[in-house]
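Structure record follows, encoded as structure tokens.
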Amino acid sequence: MKILAVCQSGLGSSFMVQMNVQQILKDENVDVDANDITVDHSDVGSATADSADYFFVESTLADALGSIPKERIVLLKSLIDKKETAEHVNYVLDNENIAHD
Amino acid sequence: MLNDLLNQETVQLTDATDLSWETAIRLAAKPLVANGSVTEQYVNSMIDVVNDQGPYINIGDHIALAHTRPENGSNRISLALLKTNHDIALVNQYHPITLWFVLSAVDSESHLEVIKQLMTLLTNEATVKQLMAASSAEDLLTIIHSRNE
């Protein structure tokens with residue numbers, strides 16, 4: 001399962017989200033190797049439906065991901081609110097039947 | 001690294017009530033233009049991307065991180081902070097901003113340590129509360145430097 005954090009430039013905010021997601025996976029004691037989970041970041045222009053299973057993006061950029069199925073897009077109100085990101089990560093984990101705390 | 005980049009020169013605070021989001025970004029970036037970290041073109045580009053793409057630089061409650069691609073006039077990794085004591089609407093009223101960070105990078109990798117440290121600072125709710133309440137640039141610096149050693 002691959003999670004891709006996306007932002008307009010692919011420079012700053014998407015990396016922040018990537019770091020948060022990785023930290024949350026660790027906090028939730030998810031076995032990322034056994035479940036083959038990868039987390040990466042990219043700019044919105046290079047993100048295609050094939051590049052990941054789930055796309056985490058700041059909510060005002062949602063339209064820029066128009067070609068990607070809505071159910072695979074996770075909209076974030078805040079990029080630095082760990083609680084919000086954790087809720088979304090747990091939703092994705094449940095959706096994929098991956099064990100977590 | 002954050003401690004070097006955010007210093008007496010690059011951290012500012014203003015009481016101004018009449019700033020637009022464009023002028024707030026220009027003011028926040030002024031020290032970086034003055035010390036040659038970024039060009040005037042870089043500043044224009046940061047504003048253009050918000051005009052084109054919307055207020056996505058609103059990375060958290062009352063916090064903006066203005067930046068654009070390195071090729072738009074960035075000479076080195078740099079970071080600046082402006083606190084506007086009065087909230088300023090970024091594009092619209094749903095995005096009020098108090099802390100305006102400006103970031104420049106030179107490629108896609110070398111500034112990631114700065115982002116990491118900035119995230120450590122901003123994901124700490126107590127620190128953010130203190131920054132929001134700071135009444136001088138010195139206060140802002142003290143908070144940043146004491147949290148990030």
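To be explicit about the labels: the chains of the structure tokens are called A, B, and onward in the order shown, and within each one the residues are counted from 1, while ligands get numbers from 1 in the order they are shown.
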
Chain B residues near chain A within 9 Å, closest pair each, using only C-alpha atoms, as a tab-separated table:
residue	atom	partner	partner_atom	distance
B:Val49	CA	A:Gln8	CA	8.6
B:Gln53	CA	A:Leu61	CA	7.2
B:Gly54	CA	A:Thr60	CA	6.7
B:Pro55	CA	A:Thr60	CA	6.8
B:Tyr56	CA	A:Thr60	CA	5.6
B:Ile57	CA	A:Ser13	CA	7.9
B:Asn58	CA	A:Ser78	CA	7.8
B:Ile59	CA	A:Leu79	CA	5.1
B:Gly60	CA	A:Ser78	CA	4.4
B:Asp61	CA	A:Ser78	CA	6.7
B:Leu65	CA	A:Ser13	CA	8.1
B:His67	CA	A:Gly12	CA	8.0
B:Thr68	CA	A:Ser9	CA	6.6
B:Arg69	CA	A:Ser9	CA	6.3
B:Leu103	CA	A:Gly12	CA	8.4
B:Ala105	CA	A:Leu11	CA	7.9
B:Asp107	CA	A:Leu11	CA	8.3
B:Ser108	CA	A:Leu11	CA	5.8
B:Glu109	CA	A:Leu11	CA	8.1
B:His111	CA	A:Gly12	CA	8.5
B:Leu112	CA	A:Phe15	CA	7.6
B:Ile115	CA	A:Gly12	CA	6.6
B:Lys116	CA	A:Met16	CA	7.1
B:Leu118	CA	A:Met16	CA	9.0
B:Met119	CA	A:Met16	CA	6.5
B:Leu122	CA	A:Ile80	CA	6.6
B:Thr123	CA	A:Ile80	CA	5.4
B:Glu125	CA	A:Asp81	CA	8.9

Any chance you could export the current selection's N, CA and C atoms as a PDB file, in the first residue's frame?
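Saved as part.pdb:
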ATOM      1  N   VAL B  49       1.675  32.050  -7.287  1.00  0.00           N
ATOM      2  CA  VAL B  49       1.154  30.685  -7.099  1.00  0.00           C
ATOM      3  C   VAL B  49      -0.099  30.681  -6.224  1.00  0.00           C
ATOM      4  N   GLN B  53      -3.296  29.088  -7.533  1.00  0.00           N
ATOM      5  CA  GLN B  53      -3.659  27.801  -6.928  1.00  0.00           C
ATOM      6  C   GLN B  53      -4.521  27.921  -5.681  1.00  0.00           C
ATOM      7  N   GLY B  54      -4.667  29.130  -5.171  1.00  0.00           N
ATOM      8  CA  GLY B  54      -5.462  29.284  -3.961  1.00  0.00           C
ATOM      9  C   GLY B  54      -4.600  29.268  -2.709  1.00  0.00           C
ATOM     10  N   PRO B  55      -5.262  29.340  -1.538  1.00  0.00           N
ATOM     11  CA  PRO B  55      -4.548  29.546  -0.264  1.00  0.00           C
ATOM     12  C   PRO B  55      -3.939  28.271   0.318  1.00  0.00           C
ATOM     13  N   TYR B  56      -3.412  27.401  -0.530  1.00  0.00           N
ATOM     14  CA  TYR B  56      -2.912  26.117  -0.020  1.00  0.00           C
ATOM     15  C   TYR B  56      -1.703  26.287   0.895  1.00  0.00           C
ATOM     16  N   ILE B  57      -1.065  27.478   0.879  1.00  0.00           N
ATOM     17  CA  ILE B  57       0.103  27.678   1.764  1.00  0.00           C
ATOM     18  C   ILE B  57      -0.326  27.857   3.223  1.00  0.00           C
ATOM     19  N   ASN B  58      -1.635  27.856   3.474  1.00  0.00           N
ATOM     20  CA  ASN B  58      -2.180  27.881   4.829  1.00  0.00           C
ATOM     21  C   ASN B  58      -2.021  26.472   5.408  1.00  0.00           C
ATOM     22  N   ILE B  59      -0.840  26.201   5.978  1.00  0.00           N
ATOM     23  CA  ILE B  59      -0.499  24.821   6.356  1.00  0.00           C
ATOM     24  C   ILE B  59      -1.105  24.388   7.676  1.00  0.00           C
ATOM     25  N   GLY B  60      -1.517  25.345   8.489  1.00  0.00           N
ATOM     26  CA  GLY B  60      -2.134  25.015   9.769  1.00  0.00           C
ATOM     27  C   GLY B  60      -2.905  26.228  10.244  1.00  0.00           C
ATOM     28  N   ASP B  61      -3.632  26.045  11.357  1.00  0.00           N
ATOM     29  CA  ASP B  61      -4.461  27.132  11.861  1.00  0.00           C
ATOM     30  C   ASP B  61      -3.643  28.414  12.067  1.00  0.00           C
ATOM     31  N   LEU B  65       2.933  29.067   5.021  1.00  0.00           N
ATOM     32  CA  LEU B  65       4.313  28.810   4.614  1.00  0.00           C
ATOM     33  C   LEU B  65       4.408  29.161   3.124  1.00  0.00           C
ATOM     34  N   HIS B  67       6.140  29.805  -0.346  1.00  0.00           N
ATOM     35  CA  HIS B  67       7.329  29.318  -1.034  1.00  0.00           C
ATOM     36  C   HIS B  67       6.978  29.078  -2.494  1.00  0.00           C
ATOM     37  N   THR B  68       8.003  28.936  -3.332  1.00  0.00           N
ATOM     38  CA  THR B  68       7.769  28.586  -4.722  1.00  0.00           C
ATOM     39  C   THR B  68       8.963  27.755  -5.185  1.00  0.00           C
ATOM     40  N   ARG B  69       8.964  27.378  -6.452  1.00  0.00           N
ATOM     41  CA  ARG B  69      10.042  26.522  -6.955  1.00  0.00           C
ATOM     42  C   ARG B  69      11.387  27.276  -6.917  1.00  0.00           C
ATOM     43  N   LEU B 103       9.862  30.417   2.845  1.00  0.00           N
ATOM     44  CA  LEU B 103      10.914  29.415   2.684  1.00  0.00           C
ATOM     45  C   LEU B 103      11.474  29.474   1.276  1.00  0.00           C
ATOM     46  N   ALA B 105      14.267  27.191  -1.261  1.00  0.00           N
ATOM     47  CA  ALA B 105      15.066  25.976  -1.376  1.00  0.00           C
ATOM     48  C   ALA B 105      15.897  26.091  -2.648  1.00  0.00           C
ATOM     49  N   ASP B 107      16.949  22.970  -4.261  1.00  0.00           N
ATOM     50  CA  ASP B 107      16.624  21.750  -5.001  1.00  0.00           C
ATOM     51  C   ASP B 107      15.506  21.049  -4.222  1.00  0.00           C
ATOM     52  N   SER B 108      15.238  19.787  -4.532  1.00  0.00           N
ATOM     53  CA  SER B 108      14.116  19.130  -3.864  1.00  0.00           C
ATOM     54  C   SER B 108      14.512  18.445  -2.569  1.00  0.00           C
ATOM     55  N   GLU B 109      15.792  18.391  -2.257  1.00  0.00           N
ATOM     56  CA  GLU B 109      16.240  17.598  -1.116  1.00  0.00           C
ATOM     57  C   GLU B 109      16.901  18.382   0.014  1.00  0.00           C
ATOM     58  N   HIS B 111      16.795  21.087   1.593  1.00  0.00           N
ATOM     59  CA  HIS B 111      16.141  21.873   2.633  1.00  0.00           C
ATOM     60  C   HIS B 111      15.249  21.011   3.534  1.00  0.00           C
ATOM     61  N   LEU B 112      15.267  19.694   3.320  1.00  0.00           N
ATOM     62  CA  LEU B 112      14.313  18.854   4.046  1.00  0.00           C
ATOM     63  C   LEU B 112      14.585  18.852   5.550  1.00  0.00           C
ATOM     64  N   ILE B 115      12.713  21.752   6.938  1.00  0.00           N
ATOM     65  CA  ILE B 115      11.283  21.432   7.018  1.00  0.00           C
ATOM     66  C   ILE B 115      11.019  20.552   8.238  1.00  0.00           C
ATOM     67  N   LYS B 116      11.898  19.590   8.440  1.00  0.00           N
ATOM     68  CA  LYS B 116      11.777  18.668   9.565  1.00  0.00           C
ATOM     69  C   LYS B 116      11.763  19.445  10.886  1.00  0.00           C
ATOM     70  N   LEU B 118      11.213  22.643  11.307  1.00  0.00           N
ATOM     71  CA  LEU B 118      10.068  23.538  11.349  1.00  0.00           C
ATOM     72  C   LEU B 118       8.822  22.768  11.782  1.00  0.00           C
ATOM     73  N   MET B 119       8.688  21.532  11.281  1.00  0.00           N
ATOM     74  CA  MET B 119       7.546  20.705  11.647  1.00  0.00           C
ATOM     75  C   MET B 119       7.568  20.351  13.120  1.00  0.00           C
ATOM     76  N   LEU B 122       6.263  23.329  14.833  1.00  0.00           N
ATOM     77  CA  LEU B 122       4.865  23.691  14.614  1.00  0.00           C
ATOM     78  C   LEU B 122       3.867  22.608  15.022  1.00  0.00           C
ATOM     79  N   THR B 123       4.338  21.366  15.190  1.00  0.00           N
ATOM     80  CA  THR B 123       3.402  20.335  15.650  1.00  0.00           C
ATOM     81  C   THR B 123       3.321  20.338  17.178  1.00  0.00           C
ATOM     82  N   GLU B 125       1.865  22.013  20.088  1.00  0.00           N
ATOM     83  CA  GLU B 125       0.784  22.984  20.306  1.00  0.00           C
ATOM     84  C   GLU B 125       1.165  24.084  21.289  1.00  0.00           C
TER      85      GLU B 125
END

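Here the DSSP assignment of strand (DSSP E), based on backbone atoms, applies within chain A to Lys2, Ile3, Leu4, Ala5, Val6, Cys7, Thr38, Val39, Asp40, His41, Ser42, Asp43, Tyr54, Phe55, Phe56, Val57, Glu58, Ile73, Val74, Leu75 and Leu76 of chain A.
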
Can you list, as a CSV table (one decimal) with N, CA and C atoms, in the first residue's frame, every protein, DNA or RNA residue that comes within 10 Å of Leu65 of chain A when you count only C-alpha atoms, leaving out same-chain residues fewer than 5 positions away?
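The result, written out as out.csv:
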chain,number,residue,atom,x,y,z
A,6,VAL,N,0.9,15.0,-1.4
A,6,VAL,CA,1.0,15.9,-2.6
A,6,VAL,C,0.8,17.3,-2.2
A,44,VAL,N,1.9,18.2,-7.3
A,44,VAL,CA,0.5,17.8,-7.8
A,44,VAL,C,0.6,17.5,-9.3
A,45,GLY,N,1.4,18.1,-10.0
A,45,GLY,CA,1.5,17.9,-11.5
A,45,GLY,C,2.0,16.5,-11.8
A,47,ALA,N,1.5,13.7,-9.9
A,47,ALA,CA,0.7,12.7,-9.3
A,47,ALA,C,-0.3,12.2,-10.2
A,48,THR,N,-0.3,10.9,-10.6
A,48,THR,CA,-1.3,10.3,-11.4
A,48,THR,C,-2.0,9.1,-10.6
A,49,ALA,N,-3.1,8.6,-11.1
A,49,ALA,CA,-3.8,7.6,-10.3
A,49,ALA,C,-2.9,6.4,-10.1
A,55,PHE,N,-3.9,9.4,-1.7
A,55,PHE,CA,-3.3,10.7,-1.9
A,55,PHE,C,-3.7,11.6,-0.8
A,57,VAL,N,-3.7,15.4,0.6
A,57,VAL,CA,-3.5,16.7,0.0
A,57,VAL,C,-4.2,17.8,0.8
A,70,LYS,N,-12.1,10.0,-6.3
A,70,LYS,CA,-12.3,10.7,-5.0
A,70,LYS,C,-12.0,9.8,-3.8
A,73,ILE,N,-8.6,9.9,-2.3
A,73,ILE,CA,-8.0,11.2,-2.0
A,73,ILE,C,-8.4,11.6,-0.5

* **alpha helix (DSSP H) residues, from DSSP on the backbone, in segment 2-149 of chain B, as number ranges by chain** => B: 2-5, 21-34, 40-53, 112-122, 125-133, 137-147

File of the preceding selection, C-alpha atoms, as a PDB file, in the first residue's frame:
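Saved file again.pdb follows:
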ATOM      1  CA  LEU B   2      16.451  26.542  12.053  1.00  0.00           C
ATOM      2  CA  ASN B   3      18.275  28.517  14.708  1.00  0.00           C
ATOM      3  CA  ASP B   4      20.717  29.890  12.129  1.00  0.00           C
ATOM      4  CA  LEU B   5      18.061  30.715   9.545  1.00  0.00           C
ATOM      5  CA  TRP B  21      -1.879  39.046   2.188  1.00  0.00           C
ATOM      6  CA  GLU B  22       0.332  40.103  -0.719  1.00  0.00           C
ATOM      7  CA  THR B  23       2.004  42.861   1.306  1.00  0.00           C
ATOM      8  CA  ALA B  24       2.361  40.512   4.283  1.00  0.00           C
ATOM      9  CA  ILE B  25       4.272  38.015   2.121  1.00  0.00           C
ATOM     10  CA  ARG B  26       6.400  40.850   0.677  1.00  0.00           C
ATOM     11  CA  LEU B  27       7.165  42.172   4.167  1.00  0.00           C
ATOM     12  CA  ALA B  28       7.973  38.691   5.507  1.00  0.00           C
ATOM     13  CA  ALA B  29      10.346  38.081   2.569  1.00  0.00           C
ATOM     14  CA  LYS B  30      12.010  41.507   2.704  1.00  0.00           C
ATOM     15  CA  PRO B  31      15.016  40.409   4.821  1.00  0.00           C
ATOM     16  CA  LEU B  32      15.636  37.506   2.421  1.00  0.00           C
ATOM     17  CA  VAL B  33      15.642  39.852  -0.584  1.00  0.00           C
ATOM     18  CA  ALA B  34      17.901  42.269   1.312  1.00  0.00           C
ATOM     19  CA  GLU B  40      12.307  40.072  -6.154  1.00  0.00           C
ATOM     20  CA  GLN B  41      11.121  37.635  -8.835  1.00  0.00           C
ATOM     21  CA  TYR B  42      10.944  34.881  -6.209  1.00  0.00           C
ATOM     22  CA  VAL B  43       8.674  37.021  -4.070  1.00  0.00           C
ATOM     23  CA  ASN B  44       6.408  37.764  -7.042  1.00  0.00           C
ATOM     24  CA  SER B  45       6.288  34.073  -7.867  1.00  0.00           C
ATOM     25  CA  MET B  46       5.205  33.136  -4.304  1.00  0.00           C
ATOM     26  CA  ILE B  47       2.307  35.556  -4.694  1.00  0.00           C
ATOM     27  CA  ASP B  48       1.488  34.323  -8.212  1.00  0.00           C
ATOM     28  CA  VAL B  49       1.154  30.685  -7.099  1.00  0.00           C
ATOM     29  CA  VAL B  50      -1.366  31.668  -4.440  1.00  0.00           C
ATOM     30  CA  ASN B  51      -3.296  33.683  -7.011  1.00  0.00           C
ATOM     31  CA  ASP B  52      -3.220  30.684  -9.372  1.00  0.00           C
ATOM     32  CA  GLN B  53      -3.659  27.801  -6.928  1.00  0.00           C
ATOM     33  CA  LEU B 112      14.313  18.854   4.046  1.00  0.00           C
ATOM     34  CA  GLU B 113      16.180  19.118   7.352  1.00  0.00           C
ATOM     35  CA  VAL B 114      14.804  22.661   7.733  1.00  0.00           C
ATOM     36  CA  ILE B 115      11.283  21.432   7.018  1.00  0.00           C
ATOM     37  CA  LYS B 116      11.777  18.668   9.565  1.00  0.00           C
ATOM     38  CA  GLN B 117      12.830  21.122  12.262  1.00  0.00           C
ATOM     39  CA  LEU B 118      10.068  23.538  11.349  1.00  0.00           C
ATOM     40  CA  MET B 119       7.546  20.705  11.647  1.00  0.00           C
ATOM     41  CA  THR B 120       8.876  19.718  15.059  1.00  0.00           C
ATOM     42  CA  LEU B 121       8.338  23.323  16.117  1.00  0.00           C
ATOM     43  CA  LEU B 122       4.865  23.691  14.614  1.00  0.00           C
ATOM     44  CA  GLU B 125       0.784  22.984  20.306  1.00  0.00           C
ATOM     45  CA  ALA B 126       2.287  24.708  23.348  1.00  0.00           C
ATOM     46  CA  THR B 127       5.040  26.281  21.245  1.00  0.00           C
ATOM     47  CA  VAL B 128       2.586  27.477  18.613  1.00  0.00           C
ATOM     48  CA  LYS B 129       0.435  29.037  21.349  1.00  0.00           C
ATOM     49  CA  GLN B 130       3.491  30.876  22.653  1.00  0.00           C
ATOM     50  CA  LEU B 131       4.413  32.099  19.170  1.00  0.00           C
ATOM     51  CA  MET B 132       0.860  33.353  18.598  1.00  0.00           C
ATOM     52  CA  ALA B 133       1.055  35.294  21.865  1.00  0.00           C
ATOM     53  CA  ALA B 137      10.518  39.752  17.506  1.00  0.00           C
ATOM     54  CA  GLU B 138      12.861  38.986  20.420  1.00  0.00           C
ATOM     55  CA  ASP B 139      10.102  36.951  22.077  1.00  0.00           C
ATOM     56  CA  LEU B 140       9.581  34.980  18.869  1.00  0.00           C
ATOM     57  CA  LEU B 141      13.305  34.241  18.637  1.00  0.00           C
ATOM     58  CA  THR B 142      13.553  33.210  22.273  1.00  0.00           C
ATOM     59  CA  ILE B 143      10.650  30.781  21.858  1.00  0.00           C
ATOM     60  CA  ILE B 144      12.049  29.305  18.637  1.00  0.00           C
ATOM     61  CA  HIS B 145      15.593  28.964  19.925  1.00  0.00           C
ATOM     62  CA  SER B 146      14.626  27.512  23.295  1.00  0.00           C
ATOM     63  CA  ARG B 147      12.448  24.840  21.670  1.00  0.00           C
TER      64      ARG B 147
END

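Atom CA of Leu93 of chain A is positioned 10.2 Å from atom CA of Asn35 of chain A.
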
* Asked: Leaving out Thr39 of chain B and any residue of its chain fewer than 6 positions from it, which residues lie within 8 Å of it when counting only C-alpha atoms, given as JSON, numbers by chain?
  -> {"B": [33, 73, 74, 75]}

Just to be explicit: take each residue in the selection above, keep N, CA and C atoms, and write the result as an mmCIF file, in the first residue's frame.
data_model
loop_
_atom_site.group_PDB
_atom_site.id
_atom_site.type_symbol
_atom_site.label_atom_id
_atom_site.label_comp_id
_atom_site.auth_asym_id
_atom_site.auth_seq_id
_atom_site.Cartn_x
_atom_site.Cartn_y
_atom_site.Cartn_z
ATOM 1 N N VAL B 33 15.262 39.119 0.627
ATOM 2 C CA VAL B 33 15.642 39.852 -0.584
ATOM 3 C C VAL B 33 16.861 40.712 -0.255
ATOM 4 N N GLY B 73 13.993 32.049 -8.624
ATOM 5 C CA GLY B 73 14.792 33.126 -8.058
ATOM 6 C C GLY B 73 15.306 32.890 -6.654
ATOM 7 N N SER B 74 15.557 31.613 -6.326
ATOM 8 C CA SER B 74 16.128 31.319 -5.017
ATOM 9 C C SER B 74 17.638 31.116 -5.157
ATOM 10 N N ASN B 75 18.416 31.779 -4.301
ATOM 11 C CA ASN B 75 19.876 31.644 -4.354
ATOM 12 C C ASN B 75 20.424 30.697 -3.302
#

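Between atom CA of Asn35 of chain B and atom CA of Asn72 of chain B lies a distance of 16.8 Å.
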
* Please provide the set of residues having any atom within 9 Å of Asp15 of chain B, restricted to only C-alpha atoms, with same-chain residues fewer than 6 positions apart removed, written as a PyMOL selection string. => chain B and resi 83-86

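One distance worth recording is that between atom CA of Thr10 of chain B and atom CA of Ala5 of chain A, which is 29.1 Å.
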
* Who sits within 7 Å of Leu82 of chain B, only C-alpha atoms, same chain under 3 positions skipped, as number ranges by chain -> B: 11-13, 28, 99-101

* Structure fact -> Restricting to only C-alpha atoms, whichever of A:Asp50, A:Asp101, A:Asp36, A:Asp94 is closest to Pro69 of chain A is A:Asp50

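Between His41 of chain A and the candidates A:Leu25, A:Val89, A:Ile3, A:Val74, the tightest atom-to-atom separation, counting only C-alpha atoms, involves A:Ile3.
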